[in-house]
Structures are given as structure tokens and as C-alpha cells.
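To start, the structure itself, in C-alpha cells.
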Amino acid sequence: VTGSTSSVGELAQRFGLELRGDPALRIDGLGTLESGGPSQLGFLANPHYRSALANTQLAVVVLAASDLEHCPTAALIAKNPYAMYSRIAALFETRRVLNPGVHPTAVIDPQAEIEASASIGPLCVIGARSRIGAGVELGPSCVIGEDCCIGADCRLVARVTLVTRVILGKRVLIHPGAVLGADGFGLAFDQGNWLKVPQLGGVVVGDDCEIGANTTIDRGALDDTVLEADVRLDNQIQIGHNVRIGAHTAMAGCCAVAGSARIGSHCLIAGGVGIAGHLSIDDRVTVQAMSLVSHSLRGPAEYASGIPVQESRLWRRTVARLRRLDASARRTSQHHQENDTP
Amino acid sequence: VTGSTSSVGELAQRFGLELRGDPALRIDGLGTLESGGPSQLGFLANPHYRSALANTQLAVVVLAASDLEHCPTAALIAKNPYAMYSRIAALFETRRVLNPGVHPTAVIDPQAEIEASASIGPLCVIGARSRIGAGVELGPSCVIGEDCCIGADCRLVARVTLVTRVILGKRVLIHPGAVLGADGFGLAFDQGNWLKVPQLGGVVVGDDCEIGANTTIDRGALDDTVLEADVRLDNQIQIGHNVRIGAHTAMAGCCAVAGSARIGSHCLIAGGVGIAGHLSIDDRVTVQAMSLVSHSLRGPAEYASGIPVQESRLWRRTVARLRRLDASARRTSQHHQENDTP
Amino acid sequence: VTGSTSSVGELAQRFGLELRGDPALRIDGLGTLESGGPSQLGFLANPHYRSALANTQLAVVVLAASDLEHCPTAALIAKNPYAMYSRIAALFETRRVLNPGVHPTAVIDPQAEIEASASIGPLCVIGARSRIGAGVELGPSCVIGEDCCIGADCRLVARVTLVTRVILGKRVLIHPGAVLGADGFGLAFDQGNWLKVPQLGGVVVGDDCEIGANTTIDRGALDDTVLEADVRLDNQIQIGHNVRIGAHTAMAGCCAVAGSARIGSHCLIAGGVGIAGHLSIDDRVTVQAMSLVSHSLRGPAEYASGIPVQESRLWRRTVARLRRLDASARRTSQHHQENDTP
């Protein structure tokens with residue numbers, strides 16, 4: 001990755017970092033320890049990867065003081081190297097230039113309100129009574145239904161759908177294919193057929209949230225589905241109706257959260273986790289990958305139920321034993337009773 | 001949620017319900033037991049939540065006779081309170097007004113046939129030989145390929161894709177991002193490369209089905225993939241080619257069904273369940289969340305294989321023991337043989 | 001399925017197959033052993049389904065020599081019946097006629113380059129500096145961002161999104177709803193809030209890959225996310241940033257691969273598998289359905305950790321025993337020590 005150019009001395013000064021090495025050294029891009037080149041900057045955040053320092057071709061590495069002695073190149077010393085690297089890397093991102101105004105191919109309801117500084121891309125559709133804030137960017141082919149509100153400086157990258165009654169805070173970032181505000185899965189069985197339970201609530205998303213590609217967040221049945229500020233959702237996540245997710249919680253790809261679950265703030269939910277409905281997860285709970293949460297969880301604590309793979313021929317035997325676990329435990333217990341020294 | 005207004009006496013009469021309380025009491029909206037207000041109607045369906053009755057601010061609650069004594073407010077007594085609530089709630093939904101006709105930005109193949117009463121939204125695309133029935137509503141940006149047929153009164157909310165040879169019955173509701181009729185995953189390995197097996201069948205969806213946001217249903221390889229009437233699929237479900245799902249079966253979010261599986265009628269499949277291909281599930285089978293169905297299931301019965309989380313430090317020990325289960329069972333068995341009283 | 005018509009003698013000659021039966025027999029379509037009719041061709045690839053031969057109404061069956069004696073109809077004998085069937089079936093597919101040129105409703109950036117033989121469907125959007133190769137077909141409503149490159153003869157069926165810096169090889173096939181090149185899930189926690197780590201890499205897809213409906217492949221953080229040639233991904237798969245998948249690997253629906261995982265060539269990953277980040281899977285590894293891969297895997301070998309369902313009342317007891325496994329193993333071990341013959 002290459003972009004603008006800077007000297008490491010300038011970077012040290014700008015971000016208040018201690019520099020080991022020549023301040024005049026110029027970098028013109030970013031790279032990894034393994035594949036980066038001699039005019040690039042990279043980082044070491046996890047001491048686990050420290051061995052990659054020895055052979056790096058990078059010009060300069062952002063790292064913690066404790067890793068400095070292992071670094072053969074120039075170094076910028078940071079308390080939180082990953083966060084500091086992120087700040088520096090932002091300098092090398094291509095600046096997006098916003099073109100305020102509505103693309104002539106967009107279809108805008110006369111009752112929609114759009115701030116002049118917003119940019120509405122080609123082939124977007126905006127429904128009645130929806131409001132688009134200042135500095136908002138809607139990429140191509142977004143569909144905004146009725147009664148939505150998009151706060152200042154949000155970015156919907158492309159092909160995002162807000163169905164109805166979806167309220168976004170400021171600076172929310174949503175990736176392509178995401179669908180917010182579709183009906184929740186509410187059904188009553190009645191006289192031999194399913195009867196659809198009207199889904200009348202909305203979705204409220206706090207400031208600074210990020211929502212991944214093809215993630216879905218259903219509207220509430222009556223009250224709203226809520227993401228508090230700074231919630232980060234990866235791709236292909238499903239959030240059921242009336243779920244509430246606390247501030248700063250992050251959730252990795254392919255998780256599913258059933259209706260009315262309450263997830264606290266500062267939680268870390270790994271990929272593929274399933275969370276049942278009508279339960280509550282405390283603040284600062286961590287859940288490991290592919291776990292099933294079927295009861296409420298106290299925090300702060302870390303939970304898991306995913307099972308790492310074995311070779312199939314071993315795993316088949318494990319499963320056979322597992323399925324007989326109750327029967328053999330009963331047998332063992334009986335055996336012990338019969339054989340115990342009196 | 002507020003909409004029209006009604007007296008509880010009118011509601012009791014309209015739906016043939018016994019009323020406890022003042023028939024002149026007016027309600028103007030719907031609310032939950034926990035957060036609803038004094039001019040709203042709510043319901044209690046699950047006795048598990050009975051304790052919420054005590055503090056409710058609702059004007060009137062739809063409930064079963066057995067919960068009446070715990071209810072401090074006016075009450076409408078129903079045999080199936082959730083279904084009855086659904087019927088009442090439908091009165092408070094905003095009536096959708098259909099605008100018959102084709103939006104000028106839609107792109108319609110000359111060989112497509114569209115009933116005059118259908119409403120085709122902005123930026124839809126309809127391919128050759130596809131037929132759109134009476135009263136159908138296509139929301140914005142739907143893509144209908146070739147040789148599709150959409151029955152009367154279907155609603156495709158927005159950005160739905162029917163790829164090719166997809167036949168929908170009447171009153172089918174499909175949420176944004178759903179893709180019906182994409183190629184099934186058919187591959188033959190041949191001379192060092194994958195060879196694509198032509199996918200030539202279609203998808204047939206019965207009357208009154210509902211299909212969730214970002215759900216995918218592949219076309220059959222030769223015969224069709226079939227959903228019988230009143231099947232209800234939540235969001236982010238994957239249905240492989242040539243699957244058949246029986247009438248009134250409901251499936252929660254993020255399930256995956258592999259090719260040629262047969263699922264009976266009146267089944268309840270919880271979220272995140274995986275169903276292997278070429279197997280058969282009887283009518284009235286229930287499968288609990290995140291289970292793996294790898295063999296055919298007899299019904300009526302309930303099945304599960306999901307494991308609820310433990311604290312990680314305990315779970316790690318559980319997993320270590322689980323992986324040694326076969327080895328330690330062999331050891332125990334040998335031990336017992338050696339030590340048993342002769 | 002019916003399409004063109006052919007005699008079985010012509011097919012035998014064209015594909016160099018041994019025929020048993022009347023070469024003048026004409027077929028006009030394809031069918032399955034179970035439901036195919038007397039003018040159709042089908043196949044038997046898996047001896048497991050041999051019993052279906054007895055009652056088939058097909059005119060002719062493609063099968064292995066070892067199944068010939070069980071076949072009551074005409075037969076075409078092939079070493080790899082499924083692959084041979086695929087080749088024959090391709091003759092019966094409706095030929096897609098490409099209409100070169102750009103649909104008038106497509107929105108093309110002046111800096112995009114499009115080969116004259118490419119076909120750009122209605123309502124597509126193509127961004128600056130993106131290049132579309134010869135013979136490419138973009139179906140309706142595709143969004144191609146900036147700096148993408150689509151190789152010759154690719155087909156994006158409909159509503160596919162390439163966000164930015166996505167490079168496709170030749171003959172890549174992508175199904176609706178797929179999103180390639182969205183930001184990876186990179187976050188650093190800093191001073192009480194999440195800080196987005198810039199995602200600056202791209203996605204590189206090799207020749208002959210196929211990518212399923214609603215599958216997502218994130219762009220790399222710095223280096224690219226890579227699919228080598230002939231990788232086959234089913235629907236609803238999530239591929240994290242900087243993942244690398246080796247040639248000829250196939251992955252079934254709803255798998256999730258976390259960032260920086262390396263998957264070898266010729267791997268077979270069944271549906272619903274979760275693969276953790278920063279690990280490595282050797283060539284020719286098979287992983288069974290709904291398994292969790294949380295450590296690197298040696299190959300060639302087959303792995304699993306999915307648990308087939310039991311009836312819920314049994315499974316509840318199994319789970320109760322499983323959760324006590326460590327405690328009871330400690331107890332048993334102590335018991336044995338106390339009771340062992342000295």
C-alpha cells in the first residue's frame with residue numbers, strides 16, 4: 001500500500017512517539033512484517049509474532065518498548081502499538097472526496113429531506129419522510145424506505161437497505177448488502193396456519209457503529225431493536241427483533257442473536273456464536289467462537305462451548321462414547337457401589 | 001406504536017372475546033407489558049412472563065383465562081392470546097396503499113407480462129417470459145430474471161432477486177436481499193479441475209410462505225427445489241438444491257439445509273441448525289438451536305445436539321476430557337475387568 | 001428439463017463412451033433416476049443409489065461399468081459418470097446469448113474501461129479506473145467500485161458488488177448478493193472506543209472460481225485476500241481479510257473463515273464449518289460439517305467436531321454428564337487409586 005509520503009521524524013513528532021533511528025528516513029506506504037518493503041511502515045502488536053521482526057524488510061516498525069530490543073530496524077515506540085499504527089495508517093488512506101448532491105438517477109420521494117452537503121449516489125431510492133443528515137454519503141444502489149433518519153456523516157458504502165423506521169446516529173458505517181429494519185420473525189400458530197404477528201417497531205443505531213456486509217438487523221415487534229454507541233458488527237450477522245446491544249460491544253462474523261436478547265456493553269463475541277432469545281448477557285462478557293448461549297451470562301467472564309476438530313476416525317469414537325455417556329456413567333456408578341470397600 | 005383508535009368493547013365484540021373491564025376504555029396503540037402506556041393494548045401469552053403483569057401500565061391485556069386473576073388491568077380473554085393479539089395488532093398497522101403500475105425507472109423486458117393491478121417499484125428489472133400476478137407489489141430494486149411467475153398478492157419488499165425459473169404461489173412475502181433460484185452447488189471433479197454440473201431446475205414456493213432477509217434458496221439441479229404452502233423462513237437461511245420443505249414448517253435464522261434433504265410438514269427448526277443432504281425428516285419434528293442433523297429423523301419428536309456454554313476455564317477441561325473419552329473408557333473397562341470380584 | 005435433442009449413438013461417439021442399447025434411441029432432456037421420463041438421460045454416480053435403477057423410467061443412464069448389470073435400460077459407460085453426465089448435460093442448457101454493449105440505464109464512470117464484447121446489464125454502476133474484460137457479462141444491478149478488474153469471460157449473474165480493488169481472473173462466476181472487497185473487521189481498542197484499522201488491501205480471485213449467492217469476501221488489511229484458481233465457494237460463506245485459499249478447494253454453504261487463515265489446495269470443507277484466524281490448513285484436508293477448526297491441520301487427512309442430534313430428553317442428560325466430565329473423571333481417578341489392588 002502506498003499513498004502520501006512522510007519522514008519518521010515527522011510521524012514521531014505528530015503522534016508524540018519516541019523514535020529509535022534516523023528521523024530523516026522517509027516512508028511512502030504501509031506493509032506487514034512479513035511482506036513489507038524498505039520504504040514502508042508496519043507494526044508489531046502481539047508478542048506472539050515477535051519472531052517475524054528478525055527478517056523484516058520494513059523501514060520502521062511501531063511496537064511496544066518491551067519488543068524494542070528484538071527489532072533490527074528503526075522503531076516508533078507506542079503504548080498501544082495497534083491503535084497507534086491505525087492512526088498512522090489513516091494518513092495513507094486515499095481521501096474520499098464527497099460530491100454533495102443527488103445523482104440524477106436516484107429516485108427521491110418528494111417528502112424526503114436531504115441536507116445539501118449529503119451525497120446521494122446513483123440509483124439510490126429514498127422513501128417518504130426519510131431524512132438524510134449533513135455530510136452523509138450513500139453509495140450506489142442504496143434503498144432507504146419510509147420514516148428513516150440518517151445522522152450526520154454516516155456512510156452507507158453501497159447497496160445497503162434500510163427498510164422502514166430505521167434511525168442511525170452519527171458516523172455510522174454500513175457495508176454492502178446489509179439489511180436493517182426488515183420484519184422480525186414473529187408468528188402465532190392459529191387454526192392450522194401461521195399467522196404473521198405485525199412488526200411495528202424500528203431499529204435505532206447509536207453513533208460510531210459499524211455494520212458488516214450482508215448483516216441483517218430486524219425491526220422490533222413493538223419497541224425498537226437497539227444498538228448503542230460504538231457497537232461493531234462484522235459480516236453476515238443476524239440480529240433478531242427487540243435485541244439490545246450495549247455500547248462498545250464487538251461481534252465477529254456469522255453470529256446469530258435471537259429476539260429480545262440483551263447483550264451488555266464491552267462484550268466480545270467471537271464468530272459463529274448463537275445467542276438464544278429473551279436472555280441477558282452482562283457487561284464485559286467474552287464468548288468464544290461457535291458457542292451456544294442458551295442461558296443468561298454473568299460478567300465479567302469468558303465462556304465457550306465450541307469443540308476443536310479431531311481426526312475423523314478419532315472423533316467418530318469420541319461421539320460414540322459421548323452419546324453413551326449417561327448410560328455408562330450410570331453403569332460405573334452402580335459398579336462402584338457394588339465394589340466399594342464397605 | 002400508535003395508529004387508529006378503538007374501544008375495548010368494540011374489540012371484544014369484533015373478535016368475540018370476553019372482556020373484563022370498562023368497554024368504553026379507548027386504546028390508540030400497542031405496547032409491551034414492560035414498556036406500554038395507559039392507552040395501549042398488549043398481551044401475555046407465556047405464563048413464564050406472568051410476573052410482568054403486576055406493574056404493567058397498559059390499558060388492557062389480551063390473555064388466557066388462567067392468567068386473569070393476576071391481571072391488574074382490563075383484560076380480553078382469548079384461548080390463543082398470541083394469535084388473538086396478532087389479529088388485533090393488524091388493525092393498528094399502517095395500511096399500505098398500492099400504486100398500481102410500473103415505475104418509469106423500472107426496466108421491463110417486452111416479453112414480460114404484468115397484471116394491471118400490480119405495482120412495480122423504482123429500478124426493478126423484469127426479464128423475458130416472467131409473469132407478475134394481480135395485486136403484486138415489487139418494492140424498489142427487485143431483480144426478476146427470466147421465466148419466473150409471481151402469484152397474486154405477493155410482496156417482495158425491496159432488492160429481492162429471483163434468478164430464473166422461480167414460481168411463487170399467492171401471498172408470498174419476501175424480505176430484502178433474499179436470492180431465489182441461484183445455481184445449486186453441483187461440482188464433479190474431473191481431470192484435475194472442478195467441472196460445473198448444469199443446474200437446470202427451478203424453485204417452487206407455495207402460497208403464504210414468508211422468506212427472510214438475505215436468505216438464499218437454490219434452484220434444483222433437474223427437478224425443482226420446493227417449499228410447500230405456509231413455510232416460514234427467517235433471515236440468512238441457506239436452502240440447497242432439490243430440498244423439499246413441507247407445509248407449515250418454520251425455520252429460524254441462519255439454518256443451512258444441504259441438497260436433496262426432505263423436511264416434513266409442521267416442523268420447527270431453531271436457529272443455526274445444519275441439516276445434511278439426502279436425508280429425510282418426518283412431519284412434526286422439532287430441532288433445537290445449533291444442532292447438526294446428519295441422519296434421517298423420525299417424528300413426532302424433538303432433537304438436539306447444541307451444547308450450552310460453560311466458563312472457558314471449565315470448558316477447556318471439559319474438552320480435554322472429551323477428547324480422551326474413548327481412551328479413558330477403554331482404560332476403565334480394562335480396570336473393571338481386572339478388579340471385578342470374580 | 002428439455003432442450004435440444006440427440007441420439008444416444010451420437011452422444012456415445014461425441015464423448016467416446018461405450019453404449020449398451022439402441023444407438024438410434026433419441027433423448028430430448030435430462031432427468032433423475034426417480035422422476036425422469038422415457039425420453040430423458042440421467043446418471044448413477046454413487047453405488048449407494050443403485051437400487052433406484054430397477055424402477056427408473058429413463059431412456060438411458062450414464063454409469064460405471066460396475067453398475068451396468070443392475071441397469072434395466074440403455075446405458076452409457078463412463079469412468080467418472082458424474083463428470084461425464086455434467087458434460088452431456090451442458091448440451092441441454094439453454095445457450096445464453098450475450099448482448100455486447102452497455103445498457104442505457106447503467107451508470108459508467110468516464111474513467112472506466114469496458115471491452116466492446118462485454119455486456120453490461122441494466123442499472124449496473126461501474127466506478128473510476130475499473131476495467132471490464134472481453135466477453136464479460138454483468139447481469140442487472142451489479143455495483144463495481146473503483147480500481148477493480150474483471151477478467152475475460154467472467155459472469156456476475158445479478159446484483160453482485162465488488163467494492164474496491166477487486167481483481168477477478170478469467171471465467172469467474174459470481175452469484176447474486178455476493179460482496180467482494182468490503183472492509184475487513186479490523187479494530188483497535190483505544191481510550192475507551194474502538195478505532196477502525198484502515199483496510200487498504202484488495203481481493204484477488206483466480207481463474208475459474210465460483211462464488212455463491214450472498215457470500216462475502218473482505219479486502220485485505222494491507223496485502224490482498226486471495227483465492228487461487230478453481231476455488232469453489234457455495235452460498236452465504238464469509239471469508240475474512242487476508243485469508244488465502246489454495247487452488248481447487250471447495251467449501252459448502254455457511255462456512256466462516258477468520259482473518260489471515262491459510263487454507264491449502266484440494267481441500268473439501270463441508271457446510272457450516274468455522275475456521276479461526278492466523279492458522280494454516282494443509283493441502284488435501286477434508287473437514288466435516290459444522291466443525292470448529294481452531295488450530296492448524298496437517299494433511300492429507302479428514303477432521304470433524306460436529307455432533308449429530310439425539311432425542312432432546314437423551315441429549316439433555318448427555319450434556320449434563322458432559323459438563324461434569326472433568327469433575328467425575330477426577331473422582332473416578334481418585335476412586336481407582338483408593339481401591340486398586342496394591
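Following the order of the C-alpha cells, chains are lettered A, B, ..., residues in each are numbered from 1, and ligands are numbered from 1.
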
(request) Compile the contact shell of region 266-269 of chain A as a VMD selection string: residues with an atom at most 6 Å away, counting only C-alpha atoms, same-chain residues fewer than 5 positions apart removed. (result) chain A and resid 248 to 251 283 to 287

Do a neighbour search on Cys71 (chain A) at 8 Å with only C-alpha atoms, toss out local chain neighbours closer than 5 positions, and write the hits as a compact mmCIF listing (two decimals) with N, CA, C and O atoms, in the first residue's frame.
# COMPACT_ATOMS: atom_id res chain seq x y z
N LEU A 53 10.10 -10.17 13.41
CA LEU A 53 10.93 -8.96 13.39
C LEU A 53 12.28 -9.20 12.75
O LEU A 53 12.79 -8.37 11.99
N ALA A 54 12.87 -10.34 13.05
CA ALA A 54 14.26 -10.61 12.66
C ALA A 54 14.49 -10.42 11.17
O ALA A 54 15.51 -9.87 10.76
N VAL A 61 9.11 0.08 12.37
CA VAL A 61 8.07 -0.73 12.99
C VAL A 61 7.52 0.01 14.22
O VAL A 61 8.29 0.49 15.05

(request) Name all residues at most 10 Å from Arg316 (chain B) (count only C-alpha atoms; drop same-chain ones fewer than 2 positions away) and give them as number ranges by chain. (result) A: 303-307; B: 310-314, 318-322; C: 326

Restricting the output to N, CA, C and O atoms, write the selected residues as an mmCIF file, in the first residue's frame.
data_model
loop_
_atom_site.group_PDB
_atom_site.id
_atom_site.type_symbol
_atom_site.label_atom_id
_atom_site.label_comp_id
_atom_site.auth_asym_id
_atom_site.auth_seq_id
_atom_site.Cartn_x
_atom_site.Cartn_y
_atom_site.Cartn_z
ATOM 1 N N TYR A 303 -16.688 -17.266 28.265
ATOM 2 C CA TYR A 303 -17.470 -18.501 28.104
ATOM 3 C C TYR A 303 -17.168 -19.164 26.763
ATOM 4 O O TYR A 303 -16.766 -18.499 25.812
ATOM 5 N N ALA A 304 -17.419 -20.469 26.711
ATOM 6 C CA ALA A 304 -17.188 -21.209 25.456
ATOM 7 C C ALA A 304 -17.996 -22.486 25.460
ATOM 8 O O ALA A 304 -18.349 -23.029 26.509
ATOM 9 N N SER A 305 -18.305 -22.987 24.264
ATOM 10 C CA SER A 305 -18.762 -24.366 24.123
ATOM 11 C C SER A 305 -18.386 -24.966 22.771
ATOM 12 O O SER A 305 -18.868 -26.034 22.421
ATOM 13 N N GLY A 306 -17.513 -24.302 22.041
ATOM 14 C CA GLY A 306 -17.065 -24.848 20.760
ATOM 15 C C GLY A 306 -16.042 -25.958 20.967
ATOM 16 O O GLY A 306 -15.230 -25.906 21.882
ATOM 17 N N ILE A 307 -16.095 -26.971 20.113
ATOM 18 C CA ILE A 307 -15.204 -28.126 20.237
ATOM 19 C C ILE A 307 -14.252 -28.150 19.047
ATOM 20 O O ILE A 307 -14.704 -28.226 17.905
ATOM 21 N N GLN B 310 -20.078 -23.009 28.957
ATOM 22 C CA GLN B 310 -19.543 -23.008 30.322
ATOM 23 C C GLN B 310 -18.510 -21.887 30.392
ATOM 24 O O GLN B 310 -18.043 -21.405 29.365
ATOM 25 N N GLU B 311 -18.075 -21.564 31.607
ATOM 26 C CA GLU B 311 -16.937 -20.643 31.701
ATOM 27 C C GLU B 311 -15.740 -21.291 31.005
ATOM 28 O O GLU B 311 -15.506 -22.496 31.128
ATOM 29 N N SER B 312 -14.954 -20.499 30.286
ATOM 30 C CA SER B 312 -13.903 -21.058 29.432
ATOM 31 C C SER B 312 -12.919 -21.944 30.179
ATOM 32 O O SER B 312 -12.496 -22.985 29.672
ATOM 33 N N ARG B 313 -12.556 -21.564 31.420
ATOM 34 C CA ARG B 313 -11.567 -22.379 32.121
ATOM 35 C C ARG B 313 -12.139 -23.767 32.440
ATOM 36 O O ARG B 313 -11.434 -24.771 32.390
ATOM 37 N N LEU B 314 -13.442 -23.867 32.700
ATOM 38 C CA LEU B 314 -14.073 -25.178 32.884
ATOM 39 C C LEU B 314 -14.223 -25.895 31.545
ATOM 40 O O LEU B 314 -13.990 -27.098 31.440
ATOM 41 N N THR B 318 -13.294 -29.606 30.169
ATOM 42 C CA THR B 318 -14.315 -30.499 29.602
ATOM 43 C C THR B 318 -13.864 -31.024 28.240
ATOM 44 O O THR B 318 -13.956 -32.214 27.950
ATOM 45 N N VAL B 319 -13.373 -30.122 27.394
ATOM 46 C CA VAL B 319 -12.932 -30.532 26.058
ATOM 47 C C VAL B 319 -11.759 -31.505 26.147
ATOM 48 O O VAL B 319 -11.718 -32.507 25.422
ATOM 49 N N ALA B 320 -10.825 -31.233 27.043
ATOM 50 C CA ALA B 320 -9.678 -32.140 27.189
ATOM 51 C C ALA B 320 -10.160 -33.538 27.575
ATOM 52 O O ALA B 320 -9.689 -34.550 27.036
ATOM 53 N N ARG B 321 -11.105 -33.611 28.505
ATOM 54 C CA ARG B 321 -11.660 -34.918 28.901
ATOM 55 C C ARG B 321 -12.427 -35.551 27.739
ATOM 56 O O ARG B 321 -12.339 -36.760 27.526
ATOM 57 N N LEU B 322 -13.194 -34.719 27.024
ATOM 58 C CA LEU B 322 -13.997 -35.246 25.915
ATOM 59 C C LEU B 322 -13.101 -35.904 24.868
ATOM 60 O O LEU B 322 -13.392 -37.010 24.392
ATOM 61 N N ASP C 326 -15.100 -33.457 33.759
ATOM 62 C CA ASP C 326 -13.819 -33.273 34.445
ATOM 63 C C ASP C 326 -13.946 -33.664 35.914
ATOM 64 O O ASP C 326 -13.123 -34.414 36.441
#

(request) Could you list, as a PyMOL selection string, the residues of chain A having an atom within 7 Å of chain B when counting only C-alpha atoms? (result) chain A and resi 177+179+182+185+188-190+193-198+200+214+216+222+256+291-294+302-305+307+317-318+321

(request) Write down as a list in words the residues of region 49-236 of chain A whose backbone DSSP state falls under helix (DSSP H, G or I). (result) Tyr49, Arg50, Ser51, Ala52, Leu53, Ala65, Ser66, Asp67, Leu68, Glu69, His70, Pro81, Tyr82, Ala83, Met84, Tyr85, Ser86, Arg87, Ile88, Ala89 and Ala90 of chain A

(message) I'd like the contact shell of Ser130 (chain A) - 10 Å cut-off, only C-alpha atoms, skipping same-chain residues fewer than 5 positions apart - returned as a ChimeraX atom specification.
(response) /A:108-109,111-114,144-150,164-167

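Here CA of His278 (chain B) is placed at a distance of 23.5 Å from CA of Leu68 (chain C).
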
(request) Would you mind writing down, as a PyMOL selection string, each residue of region 106-259 of chain C that DSSP on the backbone assigns to strand (DSSP E)? (result) chain C and resi 107-108+113-114+119-120+125-126+131-132+137-138+143-146+149-150+155-156+161-164+166-168+173-174+179-182+187-190+193-196+203-205+210-211+216-218+225-227+232-233+238-239+244-245+250-251+256-257

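One finds CA of Asn55 (chain C) at 24.8 Å from CA of His295 (chain B).
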
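Of note, CA of Leu180 (chain C) and CA of Val226 (chain C) are spaced 11.2 Å apart.
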
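Near region 74-76 of chain C, within a cut-off of 6 Å and counting only C-alpha atoms, sit the residues C:Glu18, C:Leu19, C:Arg20, C:Gly21, C:Val60, C:Val61, C:Val62, with same-chain residues fewer than 6 positions away left out.
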